[in-house]
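Trainee: Following this line is data-v2.pdb, made up of PDB, C-alpha atoms:
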```pdb
ATOM      1  CA  MET R1279      -1.441  -8.556 -16.368  1.00  0.00           C
ATOM      2  CA  ILE R1280      -2.713  -8.423 -12.813  1.00  0.00           C
ATOM      3  CA  LYS R1281      -0.616  -6.166 -10.602  1.00  0.00           C
ATOM      4  CA  VAL R1282      -0.697  -7.121  -6.926  1.00  0.00           C
ATOM      5  CA  SER R1283       0.907  -4.765  -4.411  1.00  0.00           C
ATOM      6  CA  ILE R1284       1.546  -6.036  -0.906  1.00  0.00           C
ATOM      7  CA  SER R1285       2.661  -3.937   2.035  1.00  0.00           C
ATOM      8  CA  LYS R1286       3.418  -5.405   5.431  1.00  0.00           C
ATOM      9  CA  GLN R1287       5.474  -4.886   8.508  1.00  0.00           C
ATOM     10  CA  SER R1288       8.849  -6.603   8.312  1.00  0.00           C
ATOM     11  CA  ASN R1289       8.071  -8.693  11.403  1.00  0.00           C
ATOM     12  CA  TYR R1290       5.155 -10.405   9.617  1.00  0.00           C
ATOM     13  CA  PRO R1291       6.851 -13.496   8.136  1.00  0.00           C
ATOM     14  CA  VAL R1292       4.340 -14.129   5.366  1.00  0.00           C
ATOM     15  CA  SER R1293       5.655 -14.712   1.840  1.00  0.00           C
ATOM     16  CA  SER R1294       4.682 -11.772  -0.383  1.00  0.00           C
ATOM     17  CA  PRO R1295       5.712 -13.524  -3.638  1.00  0.00           C
ATOM     18  CA  TRP R1296       3.639 -16.591  -2.677  1.00  0.00           C
ATOM     19  CA  LEU R1297       0.588 -14.443  -1.823  1.00  0.00           C
ATOM     20  CA  LYS R1298       0.909 -12.491  -5.098  1.00  0.00           C
ATOM     21  CA  LYS R1299       1.149 -15.688  -7.156  1.00  0.00           C
ATOM     22  CA  HIS R1300      -1.894 -17.278  -5.538  1.00  0.00           C
ATOM     23  CA  LEU R1301      -3.996 -14.100  -5.571  1.00  0.00           C
ATOM     24  CA  ARG R1302      -3.277 -13.597  -9.287  1.00  0.00           C
ATOM     25  CA  ALA R1303      -4.304 -17.211  -9.981  1.00  0.00           C
ATOM     26  CA  PHE R1304      -7.488 -16.785  -7.917  1.00  0.00           C
ATOM     27  CA  LEU R1305      -8.473 -13.591  -9.751  1.00  0.00           C
ATOM     28  CA  LYS R1306      -7.895 -15.294 -13.122  1.00  0.00           C
ATOM     29  CA  GLU R1307     -10.071 -18.228 -11.979  1.00  0.00           C
ATOM     30  CA  LYS R1308     -12.803 -15.724 -11.155  1.00  0.00           C
ATOM     31  CA  GLY R1309     -12.651 -14.177 -14.624  1.00  0.00           C
ATOM     32  CA  ILE R1310     -10.300 -11.212 -14.222  1.00  0.00           C
ATOM     33  CA  VAL R1311      -8.371 -11.610 -17.463  1.00  0.00           C
ATOM     34  CA  SER R1312      -7.618  -8.006 -18.403  1.00  0.00           C
ATOM     35  CA  ASP R1313      -5.136  -5.616 -16.815  1.00  0.00           C
ATOM     36  CA  ALA R1314      -6.043  -5.091 -13.190  1.00  0.00           C
ATOM     37  CA  GLU R1315      -4.568  -3.704  -9.981  1.00  0.00           C
ATOM     38  CA  ILE R1316      -5.204  -4.726  -6.386  1.00  0.00           C
ATOM     39  CA  SER R1317      -3.467  -3.739  -3.149  1.00  0.00           C
ATOM     40  CA  VAL R1318      -3.084  -5.796   0.009  1.00  0.00           C
ATOM     41  CA  ALA R1319      -1.902  -4.463   3.363  1.00  0.00           C
ATOM     42  CA  LEU R1320      -1.096  -6.608   6.383  1.00  0.00           C
ATOM     43  CA  VAL R1321      -1.552  -4.518   9.510  1.00  0.00           C
ATOM     44  CA  GLY R1322      -1.579  -4.907  13.275  1.00  0.00           C
ATOM     45  CA  ASN R1323      -4.490  -4.748  15.710  1.00  0.00           C
ATOM     46  CA  GLU R1324      -4.089  -1.048  16.469  1.00  0.00           C
ATOM     47  CA  LYS R1325      -4.057  -0.015  12.803  1.00  0.00           C
ATOM     48  CA  MET R1326      -7.053  -2.232  12.022  1.00  0.00           C
ATOM     49  CA  LEU R1327      -8.949  -0.714  14.932  1.00  0.00           C
ATOM     50  CA  ASP R1328      -8.169   2.794  13.635  1.00  0.00           C
ATOM     51  CA  ILE R1329      -9.405   1.822  10.162  1.00  0.00           C
ATOM     52  CA  ALA R1330     -12.567   0.233  11.583  1.00  0.00           C
ATOM     53  CA  LYS R1331     -13.353   3.343  13.604  1.00  0.00           C
ATOM     54  CA  GLU R1332     -12.856   5.638  10.635  1.00  0.00           C
ATOM     55  CA  TYR R1333     -14.519   3.649   7.859  1.00  0.00           C
ATOM     56  CA  MET R1334     -16.780   1.084   9.523  1.00  0.00           C
ATOM     57  CA  LYS R1335     -17.865   3.348  12.376  1.00  0.00           C
ATOM     58  CA  ASP R1336     -17.330   0.562  14.893  1.00  0.00           C
ATOM     59  CA  ASP R1337     -14.867  -0.295  17.638  1.00  0.00           C
ATOM     60  CA  LYS R1338     -13.915  -3.780  16.469  1.00  0.00           C
ATOM     61  CA  VAL R1339     -10.716  -5.376  15.192  1.00  0.00           C
ATOM     62  CA  HIS R1340     -11.799  -7.058  11.943  1.00  0.00           C
ATOM     63  CA  ASN R1341      -9.803  -9.934  10.466  1.00  0.00           C
ATOM     64  CA  VAL R1342     -10.100  -8.457   6.964  1.00  0.00           C
ATOM     65  CA  LEU R1343     -11.664  -5.446   5.269  1.00  0.00           C
ATOM     66  CA  SER R1344     -11.959  -4.577   1.604  1.00  0.00           C
ATOM     67  CA  PHE R1345     -12.366  -1.189   0.000  1.00  0.00           C
ATOM     68  CA  PRO R1346     -13.384  -1.064  -3.659  1.00  0.00           C
ATOM     69  CA  ALA R1347     -11.537   1.460  -5.794  1.00  0.00           C
ATOM     70  CA  LYS R1348     -14.879   2.834  -6.906  1.00  0.00           C
ATOM     71  CA  GLU R1349     -18.411   1.813  -6.086  1.00  0.00           C
ATOM     72  CA  SER R1350     -20.988   2.573  -8.707  1.00  0.00           C
ATOM     73  CA  LYS R1351     -24.508   1.464  -9.494  1.00  0.00           C
ATOM     74  CA  ARG R1352     -24.064   2.467 -13.121  1.00  0.00           C
ATOM     75  CA  LYS R1353     -22.985   0.310 -16.051  1.00  0.00           C
ATOM     76  CA  PHE R1354     -19.312  -0.663 -15.937  1.00  0.00           C
ATOM     77  CA  ILE R1355     -17.050   1.608 -17.981  1.00  0.00           C
ATOM     78  CA  TYR R1356     -13.482   0.563 -18.696  1.00  0.00           C
ATOM     79  CA  PRO R1357     -10.996   3.095 -17.349  1.00  0.00           C
ATOM     80  CA  PRO R1358      -9.031   5.182 -19.870  1.00  0.00           C
ATOM     81  CA  ASN R1359      -5.735   3.369 -19.253  1.00  0.00           C
ATOM     82  CA  GLY R1360      -7.462  -0.003 -19.614  1.00  0.00           C
ATOM     83  CA  LYS R1361      -6.578  -1.149 -16.077  1.00  0.00           C
ATOM     84  CA  ILE R1362      -9.299  -2.245 -13.744  1.00  0.00           C
ATOM     85  CA  LYS R1363      -8.584  -0.946 -10.256  1.00  0.00           C
ATOM     86  CA  LEU R1364     -10.180  -3.494  -7.953  1.00  0.00           C
ATOM     87  CA  GLY R1365      -9.348  -1.786  -4.667  1.00  0.00           C
ATOM     88  CA  GLU R1366      -7.571  -2.483  -1.410  1.00  0.00           C
ATOM     89  CA  ILE R1367      -7.645  -5.388   1.009  1.00  0.00           C
ATOM     90  CA  ILE R1368      -6.524  -4.934   4.607  1.00  0.00           C
ATOM     91  CA  VAL R1369      -5.739  -8.021   6.681  1.00  0.00           C
ATOM     92  CA  CYS R1370      -5.151  -7.874  10.409  1.00  0.00           C
ATOM     93  CA  TYR R1371      -2.126 -10.167  10.676  1.00  0.00           C
ATOM     94  CA  PRO R1372      -2.410 -10.912  14.435  1.00  0.00           C
ATOM     95  CA  GLU R1373      -6.074 -11.873  13.938  1.00  0.00           C
ATOM     96  CA  ALA R1374      -5.108 -14.145  11.025  1.00  0.00           C
ATOM     97  CA  VAL R1375      -2.459 -15.822  13.209  1.00  0.00           C
ATOM     98  CA  GLN R1376      -4.998 -16.443  15.993  1.00  0.00           C
ATOM     99  CA  GLU R1377      -7.559 -17.842  13.562  1.00  0.00           C
ATOM    100  CA  ALA R1378      -4.951 -20.061  11.870  1.00  0.00           C
ATOM    101  CA  LYS R1379      -3.950 -21.572  15.222  1.00  0.00           C
ATOM    102  CA  LYS R1380      -7.577 -22.072  16.244  1.00  0.00           C
ATOM    103  CA  GLU R1381      -8.440 -23.720  12.894  1.00  0.00           C
ATOM    104  CA  GLY R1382      -5.214 -25.761  12.620  1.00  0.00           C
ATOM    105  CA  LYS R1383      -4.134 -24.006   9.416  1.00  0.00           C
ATOM    106  CA  LEU R1384      -0.811 -22.628   8.233  1.00  0.00           C
ATOM    107  CA  ILE R1385      -0.642 -18.864   8.732  1.00  0.00           C
ATOM    108  CA  ASP R1386       0.127 -18.122   5.063  1.00  0.00           C
ATOM    109  CA  ASN R1387      -2.884 -20.219   4.024  1.00  0.00           C
ATOM    110  CA  LYS R1388      -5.173 -18.391   6.456  1.00  0.00           C
ATOM    111  CA  VAL R1389      -3.931 -15.004   5.248  1.00  0.00           C
ATOM    112  CA  LEU R1390      -4.572 -16.089   1.647  1.00  0.00           C
ATOM    113  CA  GLU R1391      -8.054 -17.339   2.590  1.00  0.00           C
ATOM    114  CA  LEU R1392      -8.904 -13.939   4.061  1.00  0.00           C
ATOM    115  CA  ILE R1393      -7.463 -12.151   1.012  1.00  0.00           C
ATOM    116  CA  LYS R1394      -9.503 -14.336  -1.352  1.00  0.00           C
ATOM    117  CA  HIS R1395     -12.648 -13.671   0.666  1.00  0.00           C
ATOM    118  CA  ALA R1396     -12.079  -9.925   0.465  1.00  0.00           C
ATOM    119  CA  ALA R1397     -11.200 -10.124  -3.247  1.00  0.00           C
ATOM    120  CA  THR R1398     -14.600 -11.683  -3.973  1.00  0.00           C
ATOM    121  CA  HIS R1399     -16.190  -8.624  -2.366  1.00  0.00           C
ATOM    122  CA  LEU R1400     -14.093  -6.350  -4.577  1.00  0.00           C
ATOM    123  CA  MET R1401     -15.438  -8.260  -7.584  1.00  0.00           C
ATOM    124  CA  GLY R1402     -18.995  -7.583  -6.435  1.00  0.00           C
ATOM    125  CA  ILE R1403     -19.721 -10.990  -4.892  1.00  0.00           C
ATOM    126  CA  HIS R1404     -21.234 -10.579  -1.425  1.00  0.00           C
ATOM    127  CA  HIS R1405     -22.579 -12.805   1.335  1.00  0.00           C
ATOM    128  CA  GLY R1406     -26.008 -14.267   0.698  1.00  0.00           C
TER     129      GLY R1406
END
```
Could you take the file, read its structure, and then write that structure out as structure tokens?

Mentor:
Amino acid sequence: MIKVSISKQSNYPVSSPWLKKHLRAFLKEKGIVSDAEISVALVGNEKMLDIAKEYMKDDKVHNVLSFPAKESKRKFIYPPNGKIKLGEIIVCYPEAVQEAKKEGKLIDNKVLELIKHAATHLMGIHHG
């Protein structure tokens, strides 16, 4: 089972159950078939800027960031409890709203697009 945790401010009207359902399906499509955990946080501009300053060492509001649970160059070893901890995805909700409007997309769809993009990074797939 893939456990998806979503945290968001109450004034962000995105459907957590819908996001969980579609993220689980996406991860299964990409080959995650064993027990796994992934966290998603929807944050505001100020929080994203704080995170960027601390972890990215820049002064930029990113639309999405991903943080793997553990980065390793060694051979993959299954964790003792059998659950793969993929990591955390942080989406800047106001940025997603702006991008959705600019691209003519529904906000929930844009948020999911950003989450999927970040999830591919957590699975080790990076830009070419």

Trainee: Take the PyMOL selection byres ((chain R and resi 1291-1303) around 7), run it mentally on this structure, and tell me the resulting residues as an MDAnalysis selection string.

Mentor: chainID R and resid 1280 1282 1284 1289:1290 1304:1307 1386 1390 1394

Trainee: Mind writing the picked residues with C-alpha atoms as a PDB file, keeping the file's coordinate frame?

Mentor:
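Output saved as result-v2.pdb:
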```pdb
ATOM      1  CA  ILE R1280      -2.713  -8.423 -12.813  1.00  0.00           C
ATOM      2  CA  VAL R1282      -0.697  -7.121  -6.926  1.00  0.00           C
ATOM      3  CA  ILE R1284       1.546  -6.036  -0.906  1.00  0.00           C
ATOM      4  CA  ASN R1289       8.071  -8.693  11.403  1.00  0.00           C
ATOM      5  CA  TYR R1290       5.155 -10.405   9.617  1.00  0.00           C
ATOM      6  CA  PHE R1304      -7.488 -16.785  -7.917  1.00  0.00           C
ATOM      7  CA  LEU R1305      -8.473 -13.591  -9.751  1.00  0.00           C
ATOM      8  CA  LYS R1306      -7.895 -15.294 -13.122  1.00  0.00           C
ATOM      9  CA  GLU R1307     -10.071 -18.228 -11.979  1.00  0.00           C
ATOM     10  CA  ASP R1386       0.127 -18.122   5.063  1.00  0.00           C
ATOM     11  CA  LEU R1390      -4.572 -16.089   1.647  1.00  0.00           C
ATOM     12  CA  LYS R1394      -9.503 -14.336  -1.352  1.00  0.00           C
TER      13      LYS R1394
END
```

Trainee: From the set R:Ile1329, R:Ala1374, R:Met1401, R:Leu1320, which residue has the shortest atom-to-atom contact distance to R:Asn1341, counting all atoms listed in the file?

Mentor: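 Of R:Ile1329, R:Ala1374, R:Met1401, R:Leu1320, the one nearest R:Asn1341, counting all atoms listed in the file, is R:Ala1374.
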
Trainee: Please evaluate the PyMOL selection byres ((chain R and resi 1342-1348) around 9) against the displayed coordinates and give the resulting residues as an mmCIF file with C-alpha atoms, keeping the file's coordinate frame.

Mentor:
```
data_model
loop_
_atom_site.group_PDB
_atom_site.id
_atom_site.type_symbol
_atom_site.label_atom_id
_atom_site.label_comp_id
_atom_site.auth_asym_id
_atom_site.auth_seq_id
_atom_site.Cartn_x
_atom_site.Cartn_y
_atom_site.Cartn_z
ATOM 1 C CA ILE R 1316 -5.204 -4.726 -6.386
ATOM 2 C CA MET R 1326 -7.053 -2.232 12.022
ATOM 3 C CA ALA R 1330 -12.567 0.233 11.583
ATOM 4 C CA VAL R 1339 -10.716 -5.376 15.192
ATOM 5 C CA HIS R 1340 -11.799 -7.058 11.943
ATOM 6 C CA ASN R 1341 -9.803 -9.934 10.466
ATOM 7 C CA GLU R 1349 -18.411 1.813 -6.086
ATOM 8 C CA SER R 1350 -20.988 2.573 -8.707
ATOM 9 C CA LYS R 1363 -8.584 -0.946 -10.256
ATOM 10 C CA LEU R 1364 -10.180 -3.494 -7.953
ATOM 11 C CA GLY R 1365 -9.348 -1.786 -4.667
ATOM 12 C CA GLU R 1366 -7.571 -2.483 -1.410
ATOM 13 C CA ILE R 1367 -7.645 -5.388 1.009
ATOM 14 C CA ILE R 1368 -6.524 -4.934 4.607
ATOM 15 C CA VAL R 1369 -5.739 -8.021 6.681
ATOM 16 C CA CYS R 1370 -5.151 -7.874 10.409
ATOM 17 C CA TYR R 1371 -2.126 -10.167 10.676
ATOM 18 C CA GLU R 1373 -6.074 -11.873 13.938
ATOM 19 C CA ALA R 1374 -5.108 -14.145 11.025
ATOM 20 C CA LEU R 1392 -8.904 -13.939 4.061
ATOM 21 C CA ILE R 1393 -7.463 -12.151 1.012
ATOM 22 C CA HIS R 1395 -12.648 -13.671 0.666
ATOM 23 C CA ALA R 1396 -12.079 -9.925 0.465
ATOM 24 C CA ALA R 1397 -11.200 -10.124 -3.247
ATOM 25 C CA HIS R 1399 -16.190 -8.624 -2.366
ATOM 26 C CA LEU R 1400 -14.093 -6.350 -4.577
ATOM 27 C CA MET R 1401 -15.438 -8.260 -7.584
#
```

Trainee: When you draw a straight line from atom CA of R:Ser1283 to atom CA of R:Gly1402, how long is it in Å?

Mentor: 20.2 Å

Trainee: Go ahead and compute the interatomic distance for atom CA of R:Ile1362 and atom CA of R:Val1389, in Å to one decimal.

Mentor: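 Straight-line distance from atom CA of R:Ile1362 to atom CA of R:Val1389 works out to 23.5 Å.
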